[in-house]
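See below for structure.cif, which holds mmCIF, C-alpha atoms and all ligand atoms.
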data_structure
#
loop_
_atom_site.label_atom_id
_atom_site.label_comp_id
_atom_site.auth_asym_id
_atom_site.auth_seq_id
_atom_site.Cartn_x
_atom_site.Cartn_y
_atom_site.Cartn_z
CA MET X 281 0.00 0.00 0.00
CA SER X 282 1.53 3.28 -1.02
CA GLY X 283 -1.26 5.52 0.31
CA ARG X 284 0.94 8.53 -0.11
CA PRO X 285 2.50 8.68 -3.53
CA SER X 286 5.54 10.85 -3.88
CA GLY X 287 6.75 12.78 -6.89
CA PRO X 288 4.97 15.52 -8.83
CA PHE X 289 1.18 15.92 -8.50
CA ARG X 290 -0.80 13.71 -10.90
CA LEU X 291 -4.45 13.58 -11.95
CA GLY X 292 -6.38 11.61 -9.30
CA ASP X 293 -4.16 12.79 -6.41
CA ARG X 294 -5.76 14.32 -3.34
CA VAL X 295 -4.23 17.69 -2.57
CA GLN X 296 -4.64 19.78 0.55
CA LEU X 297 -4.53 23.52 -0.19
CA THR X 298 -3.87 26.02 2.56
CA GLY X 299 -5.20 29.34 1.44
CA PRO X 300 -5.35 32.88 2.78
CA LYS X 301 -5.91 32.97 6.58
CA GLY X 302 -4.95 29.29 6.86
CA ARG X 303 -8.23 27.96 5.40
CA LEU X 304 -7.96 24.36 4.23
CA HIS X 305 -9.45 22.97 1.02
CA THR X 306 -8.97 19.34 -0.02
CA ILE X 307 -9.42 18.59 -3.72
CA THR X 308 -8.91 15.59 -6.00
CA LEU X 309 -7.13 16.59 -9.18
CA ARG X 310 -9.37 16.04 -12.22
CA GLU X 311 -8.99 16.66 -15.94
CA GLY X 312 -10.47 20.17 -16.52
CA GLY X 313 -11.22 20.53 -12.78
CA GLU X 314 -11.42 23.91 -11.06
CA MET X 315 -11.67 25.04 -7.44
CA HIS X 316 -13.94 28.04 -7.00
CA THR X 317 -13.75 30.25 -3.91
CA HIS X 318 -14.75 33.86 -3.33
CA HIS X 319 -11.07 34.66 -3.93
CA GLY X 320 -11.30 33.41 -7.53
CA VAL X 321 -10.59 30.19 -9.41
CA LEU X 322 -7.71 27.71 -9.21
CA ARG X 323 -7.35 25.33 -12.13
CA HIS X 324 -6.36 21.76 -11.23
CA ALA X 325 -4.16 21.74 -14.32
CA ASP X 326 -1.98 24.41 -12.67
CA LEU X 327 -1.03 21.86 -9.98
CA VAL X 328 -0.39 18.82 -12.19
CA GLY X 329 3.35 18.28 -12.58
CA LEU X 330 4.36 20.49 -9.63
CA PRO X 331 6.29 18.94 -6.74
CA ASP X 332 4.52 18.27 -3.43
CA GLY X 333 4.84 21.37 -1.23
CA SER X 334 4.52 23.90 -4.06
CA VAL X 335 2.79 27.28 -3.88
CA VAL X 336 0.25 28.10 -6.59
CA THR X 337 -1.62 31.33 -7.32
CA GLY X 338 -5.36 31.48 -8.06
CA SER X 339 -7.03 33.89 -10.51
CA GLY X 340 -7.70 36.39 -7.70
CA GLY X 341 -3.98 36.60 -6.90
CA HIS X 342 -4.25 34.52 -3.70
CA GLU X 343 -1.54 32.00 -2.97
CA TYR X 344 -2.19 28.42 -1.87
CA LEU X 345 0.28 25.97 -0.37
CA ALA X 346 -0.33 22.55 -1.95
CA LEU X 347 0.52 19.34 -0.07
CA ARG X 348 -0.63 15.74 -0.30
CA PRO X 349 -2.55 15.02 2.93
CA LEU X 350 -0.79 12.84 5.49
CA LEU X 351 -2.70 9.84 6.84
CA ARG X 352 -3.58 11.77 10.00
CA ASP X 353 -4.97 14.64 7.89
CA PHE X 354 -6.98 12.20 5.81
CA VAL X 355 -8.58 10.26 8.69
CA MET X 356 -9.61 13.45 10.46
CA SER X 357 -11.41 14.78 7.37
CA MET X 358 -12.78 11.60 5.74
CA PRO X 359 -16.52 10.76 5.85
CA ARG X 360 -17.51 8.98 9.07
CA GLY X 361 -20.14 6.33 9.61
CA ALA X 362 -19.04 5.69 13.19
CA ALA X 363 -16.65 7.52 15.51
CA ILE X 364 -13.04 6.99 14.46
CA VAL X 365 -9.90 6.05 16.36
CA TYR X 366 -7.88 9.26 16.56
CA PRO X 367 -4.27 9.30 15.35
CA LYS X 368 -2.87 9.59 18.91
CA ASP X 369 -4.66 6.36 19.88
CA ALA X 370 -3.91 4.60 16.60
CA ALA X 371 -0.19 5.19 17.18
CA GLN X 372 -0.44 3.71 20.67
CA ILE X 373 -2.49 0.76 19.41
CA VAL X 374 0.20 -0.09 16.87
CA ALA X 375 2.85 0.13 19.60
CA GLU X 376 1.07 -1.65 22.47
CA ALA X 377 -0.43 -4.38 20.29
CA ASP X 378 2.97 -4.73 18.62
CA VAL X 379 1.54 -4.72 15.09
CA PHE X 380 4.48 -5.70 12.90
CA PRO X 381 5.18 -5.95 9.16
CA GLY X 382 3.86 -9.29 7.89
CA ALA X 383 1.45 -9.83 10.82
CA VAL X 384 -1.97 -11.47 10.45
CA VAL X 385 -4.29 -9.00 12.17
CA VAL X 386 -8.00 -9.12 12.96
CA GLU X 387 -9.90 -5.91 13.63
CA ALA X 388 -13.53 -5.34 14.69
CA GLY X 389 -15.62 -3.29 14.11
CA VAL X 390 -14.28 -1.56 11.08
CA GLY X 391 -16.53 1.51 11.57
CA SER X 392 -15.24 4.22 9.25
CA GLY X 393 -11.97 2.47 8.45
CA ALA X 394 -9.62 4.91 10.20
CA LEU X 395 -7.86 2.26 12.26
CA SER X 396 -7.84 -0.09 9.24
CA LEU X 397 -5.63 2.43 7.42
CA TRP X 398 -3.10 2.59 10.26
CA LEU X 399 -3.09 -1.19 10.62
CA LEU X 400 -2.61 -1.71 6.88
CA ARG X 401 0.33 0.63 7.00
CA ALA X 402 1.88 -1.16 9.98
CA ILE X 403 1.56 -4.70 8.55
CA GLY X 404 2.86 -3.69 5.12
CA PRO X 405 2.20 -5.62 1.90
CA GLN X 406 3.35 -8.94 3.42
CA GLY X 407 0.77 -8.78 6.23
CA ARG X 408 -2.93 -9.60 6.18
CA LEU X 409 -5.76 -7.57 7.75
CA VAL X 410 -9.22 -9.07 8.20
CA SER X 411 -11.72 -6.44 9.39
CA PHE X 412 -15.12 -7.50 10.75
CA GLU X 413 -18.12 -5.17 10.82
CA ARG X 414 -21.68 -6.08 11.61
CA ARG X 415 -23.22 -3.17 9.72
CA GLU X 416 -23.01 -3.34 5.95
CA ASP X 417 -23.47 0.45 5.62
CA PHE X 418 -20.47 1.15 7.90
CA ALA X 419 -18.41 -1.45 6.04
CA GLU X 420 -19.22 0.40 2.82
CA VAL X 421 -18.01 3.73 4.27
CA ALA X 422 -14.81 2.04 5.46
CA ARG X 423 -14.14 0.40 2.08
CA ALA X 424 -14.66 3.73 0.31
CA ASN X 425 -12.37 5.59 2.73
CA VAL X 426 -9.57 3.05 2.42
CA GLU X 427 -9.89 3.01 -1.37
CA THR X 428 -9.81 6.80 -1.48
CA PHE X 429 -6.62 6.98 0.53
CA VAL X 430 -4.83 4.01 -1.02
CA GLY X 431 -6.15 4.57 -4.54
CA ASP X 432 -7.22 0.91 -4.80
CA THR X 433 -8.54 -1.94 -2.64
CA PRO X 434 -5.50 -3.36 -0.85
CA LYS X 435 -5.00 -7.02 -1.85
CA ASN X 436 -4.13 -7.96 1.72
CA TRP X 437 -7.35 -6.53 3.21
CA GLU X 438 -10.68 -8.27 3.59
CA VAL X 439 -13.86 -6.83 5.10
CA VAL X 440 -16.21 -9.46 6.52
CA VAL X 441 -19.74 -8.28 7.27
CA GLY X 442 -21.03 -10.04 10.35
CA ASP X 443 -20.72 -10.22 14.12
CA LEU X 444 -17.17 -11.06 15.14
CA ALA X 445 -18.42 -13.56 17.72
CA THR X 446 -19.86 -15.80 14.99
CA ALA X 447 -17.92 -14.72 11.89
CA LEU X 448 -14.37 -15.01 13.27
CA PRO X 449 -14.36 -18.83 13.77
CA GLU X 450 -15.99 -19.23 10.33
CA THR X 451 -13.34 -17.08 8.65
CA LEU X 452 -9.98 -17.95 10.20
CA PRO X 453 -8.53 -21.17 11.62
CA ALA X 454 -7.82 -21.46 15.34
CA ALA X 455 -4.45 -20.18 16.57
CA SER X 456 -3.71 -18.46 13.23
CA VAL X 457 -3.95 -14.76 14.15
CA ASP X 458 -1.04 -12.69 15.50
CA ARG X 459 -2.93 -9.63 16.73
CA VAL X 460 -6.57 -8.71 17.42
CA VAL X 461 -7.77 -5.15 17.89
CA LEU X 462 -11.33 -4.61 19.11
CA ASP X 463 -13.06 -1.23 18.92
CA MET X 464 -16.68 -1.94 19.84
CA LEU X 465 -19.20 -1.40 22.62
CA ALA X 466 -18.99 -4.85 24.22
CA PRO X 467 -15.59 -6.42 23.48
CA TRP X 468 -16.02 -8.97 26.31
CA GLU X 469 -18.68 -10.68 24.15
CA CYS X 470 -15.94 -11.55 21.64
CA ILE X 471 -13.04 -12.52 23.93
CA ASP X 472 -13.77 -16.27 23.79
CA VAL X 473 -13.55 -16.44 19.98
CA VAL X 474 -10.53 -14.13 20.05
CA ALA X 475 -8.77 -16.50 22.47
CA ASP X 476 -9.37 -19.38 20.03
CA ALA X 477 -8.17 -17.41 16.99
CA LEU X 478 -4.99 -16.02 18.57
CA THR X 479 -1.68 -17.76 18.22
CA PRO X 480 0.12 -18.45 21.56
CA GLY X 481 1.86 -15.23 22.56
CA GLY X 482 -0.47 -13.20 20.32
CA VAL X 483 -1.89 -9.89 21.54
CA VAL X 484 -5.49 -8.79 22.00
CA LEU X 485 -6.04 -5.08 22.47
CA CYS X 486 -9.37 -3.38 23.16
CA TYR X 487 -10.11 0.31 22.70
CA VAL X 488 -13.01 1.39 24.91
CA ALA X 489 -14.56 4.75 25.67
CA THR X 490 -15.55 4.43 29.32
CA ALA X 491 -13.97 3.31 32.58
CA THR X 492 -16.79 0.83 33.18
CA GLN X 493 -16.05 -0.91 29.85
CA LEU X 494 -12.36 -0.87 30.72
CA SER X 495 -13.05 -2.63 34.01
CA ARG X 496 -15.44 -5.15 32.50
CA VAL X 497 -13.10 -6.20 29.71
CA ALA X 498 -10.16 -6.47 32.14
CA GLU X 499 -12.12 -8.74 34.48
CA TYR X 500 -13.37 -10.83 31.57
CA LEU X 501 -9.83 -11.33 30.25
CA ARG X 502 -8.64 -12.32 33.73
CA GLY X 503 -11.57 -14.64 34.27
CA THR X 504 -10.77 -16.74 31.19
CA GLY X 505 -7.35 -17.67 32.58
CA LEU X 506 -6.17 -17.74 28.95
CA PHE X 507 -4.27 -14.42 28.93
CA THR X 508 -1.53 -12.61 30.75
CA ASP X 509 -2.69 -10.04 33.28
CA PRO X 510 -4.15 -7.15 31.24
CA GLU X 511 -2.49 -3.73 31.13
CA GLY X 512 -4.35 -0.49 30.51
CA SER X 513 -3.51 3.06 29.47
CA GLU X 514 -4.90 6.37 28.31
CA THR X 515 -3.11 8.72 25.95
CA MET X 516 -3.34 12.47 26.34
CA VAL X 517 -1.49 14.60 23.83
CA ARG X 518 -1.15 18.31 24.50
CA GLY X 519 -0.03 20.46 21.60
CA TRP X 520 2.32 23.38 22.13
CA HIS X 521 2.35 26.81 20.58
CA VAL X 522 5.98 27.46 19.70
CA GLU X 523 6.55 30.91 18.25
CA GLY X 524 9.31 33.30 19.21
CA LEU X 525 9.12 33.86 22.96
CA ALA X 526 5.51 32.66 23.08
CA VAL X 527 6.26 29.04 23.92
CA ARG X 528 3.42 27.48 25.87
CA PRO X 529 0.89 24.65 25.84
CA ASP X 530 -2.11 25.10 23.52
CA HIS X 531 -5.24 26.38 25.22
CA ARG X 532 -7.34 23.55 23.78
CA MET X 533 -6.72 19.84 23.45
CA ILE X 534 -8.61 16.66 22.68
CA ALA X 535 -8.89 15.46 26.25
CA HIS X 536 -10.73 12.16 26.42
CA THR X 537 -11.09 9.74 23.53
CA GLY X 538 -10.71 6.25 24.98
CA PHE X 539 -8.70 3.73 26.97
CA LEU X 540 -6.56 0.87 25.73
CA ILE X 541 -6.38 -2.48 27.44
CA TRP X 542 -4.27 -5.35 26.17
CA ALA X 543 -3.08 -8.84 27.12
CA ARG X 544 -1.21 -11.76 25.54
CA ARG X 545 -2.56 -15.23 24.79
CA LEU X 546 -1.01 -17.96 26.92
CA ALA X 547 0.03 -21.28 25.39
CA PRO X 548 -2.69 -23.96 25.52
CA GLY X 549 -2.84 -25.44 29.02
CA ALA X 550 -0.43 -22.86 30.47
CA VAL X 551 -1.33 -21.28 33.79
CA ALA X 552 0.37 -17.95 34.44
CA PRO X 553 2.38 -17.93 37.69
CA GLU X 554 0.43 -16.29 40.49
CA GLN X 555 1.21 -12.57 40.53
CA LYS X 556 1.74 -10.98 43.92
CA ARG X 557 -1.25 -8.69 43.67
CA ARG X 558 -3.53 -7.05 46.17
CA ALA X 559 -6.94 -8.59 46.68
CA SER X 560 -9.54 -8.17 43.93
CA LYS X 561 -11.12 -4.74 43.99
CA SER X 562 -14.55 -6.04 43.03
CA SER X 563 -15.50 -5.66 46.70
CA TYR X 564 -13.97 -3.79 49.63
CA SER X 565 -11.97 -5.75 52.14
CA ASP X 566 -10.05 -4.78 55.28
CA GLU X 567 -7.01 -4.60 53.02
CA ASP X 568 -8.69 -1.96 50.83
CA VAL X 569 -9.50 0.15 53.85
CA GLU X 570 -5.84 -0.14 54.89
CA LEU X 571 -4.85 1.10 51.40
CA TRP X 572 -6.40 4.47 52.13
CA THR X 573 -4.66 5.02 55.43
CA PRO X 574 -2.16 7.92 55.35
CA GLY X 575 0.82 5.55 55.43
CA ALA X 576 -0.34 3.61 52.38
CA VAL X 577 -0.91 6.73 50.29
CA GLY X 578 2.52 8.12 51.14
CA ASP X 579 1.79 10.43 54.10
CA ARG X 580 3.92 9.83 57.20
CA GLU X 581 1.86 8.64 60.14
CA ILE X 582 1.58 11.31 62.80
CA THR X 583 2.80 10.47 66.33
CA ASP X 584 0.50 10.94 69.32
CA LYS X 585 2.78 13.71 70.66
CA ASN X 586 2.66 15.57 67.33
CA LEU X 587 -1.05 15.17 67.12
CA ARG X 588 -1.55 16.68 70.62
CA LYS X 589 0.65 19.63 69.49
CA ARG X 590 -1.50 20.13 66.35
CA VAL X 591 -4.65 20.02 68.47
CA ARG X 592 -3.20 22.75 70.73
CA GLU X 593 -2.23 24.85 67.67
CA ALA X 594 -5.68 24.46 66.17
CA ARG X 595 -7.34 25.32 69.46
CA ARG X 596 -5.14 28.44 69.88
CA ALA X 597 -6.00 29.61 66.35
CA ALA X 598 -9.71 29.07 66.99
CA ASP X 599 -9.60 30.86 70.38
CA ALA X 600 -7.76 33.82 68.79
CA ALA X 601 -10.37 34.05 66.01
CA ILE X 602 -13.23 33.93 68.54
CA GLU X 603 -11.52 36.56 70.71
CA ALA X 604 -10.99 38.86 67.69
CA GLN X 605 -14.62 38.47 66.72
CA ARG X 606 -15.71 39.24 70.31
CA ARG X 607 -13.54 42.40 70.47
CA GLU X 608 -14.87 43.61 67.13
CA GLY X 609 -18.44 43.12 68.42
CA ALA X 610 -17.62 45.05 71.64
CA SER X 611 -16.05 48.05 69.78
CA ASP X 612 -19.07 48.19 67.40
CA ALA X 613 -21.38 48.35 70.42
CA SER X 614 -19.39 51.19 72.13
CA ALA X 615 -19.15 53.26 68.89
C1 LIG T 701 -16.48 2.97 16.98
S1 LIG T 701 -16.77 2.02 15.58
C2 LIG T 701 -15.17 1.54 15.02
C3 LIG T 701 -14.36 2.66 14.42
C4 LIG T 701 -13.12 2.24 13.72
N1 LIG T 701 -12.19 1.59 14.60
C5 LIG T 701 -12.45 3.42 13.04
O1 LIG T 701 -11.35 3.83 13.47
O2 LIG T 701 -13.02 3.99 12.09
C6 LIG T 701 -17.41 0.54 16.27
C7 LIG T 701 -17.96 -0.39 15.21
O3 LIG T 701 -18.04 -1.70 15.74
C8 LIG T 701 -19.13 -2.35 15.14
N2 LIG T 701 -19.40 -3.53 15.99
C9 LIG T 701 -19.83 -3.51 17.27
N3 LIG T 701 -19.89 -4.76 17.76
C10 LIG T 701 -19.46 -5.58 16.77
C11 LIG T 701 -19.29 -6.98 16.67
N4 LIG T 701 -19.56 -7.78 17.70
N5 LIG T 701 -18.82 -7.49 15.51
C12 LIG T 701 -18.54 -6.68 14.46
N6 LIG T 701 -18.69 -5.34 14.50
C13 LIG T 701 -19.14 -4.80 15.63
C14 LIG T 701 -20.19 -1.26 15.08
O4 LIG T 701 -21.16 -1.52 14.12
C15 LIG T 701 -19.36 -0.02 14.73
O5 LIG T 701 -19.30 0.19 13.36
#

The structure in this file should be written as structure tokens.
Ligand SMILES: C[S@@+](CC[C@H](N)C(=O)[O-])C[C@H]1O[C@@H](n2cnc3c(N)ncnc32)[C@H](O)[C@@H]1O
Amino acid sequence: MSGRPSGPFRLGDRVQLTGPKGRLHTITLREGGEMHTHHGVLRHADLVGLPDGSVVTGSGGHEYLALRPLLRDFVMSMPRGAAIVYPKDAAQIVAEADVFPGAVVVEAGVGSGALSLWLLRAIGPQGRLVSFERREDFAEVARANVETFVGDTPKNWEVVVGDLATALPETLPAASVDRVVLDMLAPWECIDVVADALTPGGVVLCYVATATQLSRVAEYLRGTGLFTDPEGSETMVRGWHVEGLAVRPDHRMIAHTGFLIWARRLAPGAVAPEQKRRASKSSYSDEDVELWTPGAVGDREITDKNLRKRVREARRAADAAIEAQRREGASDASA
């Protein structure tokens, strides 16, 4: 998958134009095509043959910087059927799920195809991506988006319309998949089939929007006894304004998108050695109560002597405040 051809602009290329005041226009170069704005007309033919990163001038004298969109630009502006995985999370998914060139990867649901594009890029032409989506209309949006960016349907990509829980065992043999990435409302409903499909040592990673989903999928993974202890994370990226002496964090950021949780498939019959962990947090125990004592959260325990001193200090401060209040009341009365 090239996805981002290099060399001079050609007919059929998508080009991102940054115009006056930083306004963005994305066009696809067509024979005889024109872009009309209230600043005049820009002929597509004027761009064909120019190198990426050129500046062109429209009929009204306005200049436009012309660049092929990067994948992150494309996914943020492409049509969406369902909410997409943002670039910051896609990058972490590729890293934490260890998606490698040549990997056999399963993804569900495909939604708008944003994550599919990142996964296709990470596996390269030697890899294979099988994306499951239970809604045909969303699958259609995803196919169109991937084709628009790649310029073709990648030969190593298959979209299967159906519920992962039933379609995965019908599509791929057991223990044949290197990585599984789930972006859906109820990933725990699919963990059993994912465990069967994954090769020993393979990674399952779930992207979920809420803390309750995060907890439920973690406990489900643990409960199977088929995976390593799950790890979770959240990625917050804060942009910076860097200009002259004005170097500071941006005022706005995309705060919450989702959480990642991932684990590795154990070999058949393997039982992970007991981890020295604190008791399950599904209910409170004496141990949990102990966790919130000052010592456990890092505060030094106060000695009885110190505590008596603090009580005296507090009492003195309170007496002084009461006395001040009383004097103020007395002077008001005599005035
Ligand atoms: C948030 S979207 C996925 C977005 C996608 N990762 C992207 O970056 O564009 C979630 C999708 O999962 C699909 N879905 C939910 N449960 C599913 C299941 N069990 N099997 C297949 N698809 C499922 C939904 O129809 C929806 O399209």

Around all of range 365-371 of chain X's listed atoms, make the axis-aligned box with 4 Å on each side and tell me centre and edge lengths in Å to one decimal, as JSON.
{"center_x": -5.0, "center_y": 7.1, "center_z": 17.6, "size_x": 17.7, "size_y": 13.0, "size_z": 12.5}

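Among X:Pro359, X:Gly329, X:Gly505, X:Pro405, the residue with the shortest atom-to-atom distance to ligand LIG 701 (chain T), counting all atoms listed in the file, is X:Pro359.
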
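Around ligand LIG 701 (chain T), using all atoms listed in the file and a cut-off of 7 Å, the residues in contact are Ala362, Ala363, Ile364, Val365, Ala388, Gly389, Val390, Gly391, Ser392, Gly393, Ala394, Leu395, Ser396, Phe412, Glu413, Arg414, Arg415, Phe418, Gly442, Asp443, Leu444, Ala445, Asp463, Met464, Leu465, Ala466 and Cys470 of chain X.
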
- [ ] Rounded to one decimal place, report the CA of Ser411 in chain X-CA of Leu452 in chain X distance in Å.
- [x]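 Pair CA of Ser411 in chain X / CA of Leu452 in chain X returns 11.7 Å.
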
TODO: Compute the distance from (-0.5, -11.1, 27.6) to each atom, counting only C-alpha atoms, keep the residues with any atom at most 9 Å away, and return them as a PyMOL selection string; use the coordinates of the file.
DONE: chain X and resi 481-484+506-511+542-546

Create the file for the chosen residues now, containing C-alpha atoms and written as a PDB file, in the frame of the given file.
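This is the output file out.pdb:
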ATOM      1  CA  GLY X 481       1.860 -15.230  22.560  1.00  0.00           C
ATOM      2  CA  GLY X 482      -0.470 -13.200  20.320  1.00  0.00           C
ATOM      3  CA  VAL X 483      -1.890  -9.890  21.540  1.00  0.00           C
ATOM      4  CA  VAL X 484      -5.490  -8.790  22.000  1.00  0.00           C
ATOM      5  CA  LEU X 506      -6.170 -17.740  28.950  1.00  0.00           C
ATOM      6  CA  PHE X 507      -4.270 -14.420  28.930  1.00  0.00           C
ATOM      7  CA  THR X 508      -1.530 -12.610  30.750  1.00  0.00           C
ATOM      8  CA  ASP X 509      -2.690 -10.040  33.280  1.00  0.00           C
ATOM      9  CA  PRO X 510      -4.150  -7.150  31.240  1.00  0.00           C
ATOM     10  CA  GLU X 511      -2.490  -3.730  31.130  1.00  0.00           C
ATOM     11  CA  TRP X 542      -4.270  -5.350  26.170  1.00  0.00           C
ATOM     12  CA  ALA X 543      -3.080  -8.840  27.120  1.00  0.00           C
ATOM     13  CA  ARG X 544      -1.210 -11.760  25.540  1.00  0.00           C
ATOM     14  CA  ARG X 545      -2.560 -15.230  24.790  1.00  0.00           C
ATOM     15  CA  LEU X 546      -1.010 -17.960  26.920  1.00  0.00           C
TER      16      LEU X 546
END

Task: Nearest to Ala422 in chain X by atom-to-atom distance, counting only C-alpha atoms, from X:Val527, X:Ala455, X:Met358, X:Ala598 - done: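 Among the listed residues, X:Met358 lies closest to Ala422 in chain X.
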
Task: Residue among X:Leu485, X:Arg360, X:Tyr344, X:Ala477 lying closest to Val426 in chain X, counting all atoms listed in the file - done: X:Arg360

Open item on the list: One decimal, in Å: what's the spacing between CA of His316 in chain X and CA of Ser339 in chain X?
Closed with: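 Separating CA of His316 in chain X from CA of Ser339 in chain X is a distance of 9.7 Å.
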
TODO: Figure out the distance between CA of Pro367 in chain X and CA of Asp353 in chain X, please, to one decimal in Å.
DONE: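 Computing the Euclidean distance for CA of Asp353 in chain X and CA of Pro367 in chain X yields 9.2 Å.
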
- [ ] Counting all atoms listed in the file, select every polymer residue within 9 Å of (-1.3, 2.8, 11.3) as defined in the file's coordinates, and provide the selection as a PyMOL selection string.
- [x] chain X and resi 351+367+370-371+373-374+379+394-403

Open item on the list: Residues near Pro467 in chain X, anyone? I mean within 12 Å using all atoms listed in the file, not counting same-chain ones fewer than 6 positions away, as a VMD selection string.
Closed with: chain X and resid 387 to 389 443 to 445 460 to 461 473 to 474 484 to 489 493 to 501 540 to 542
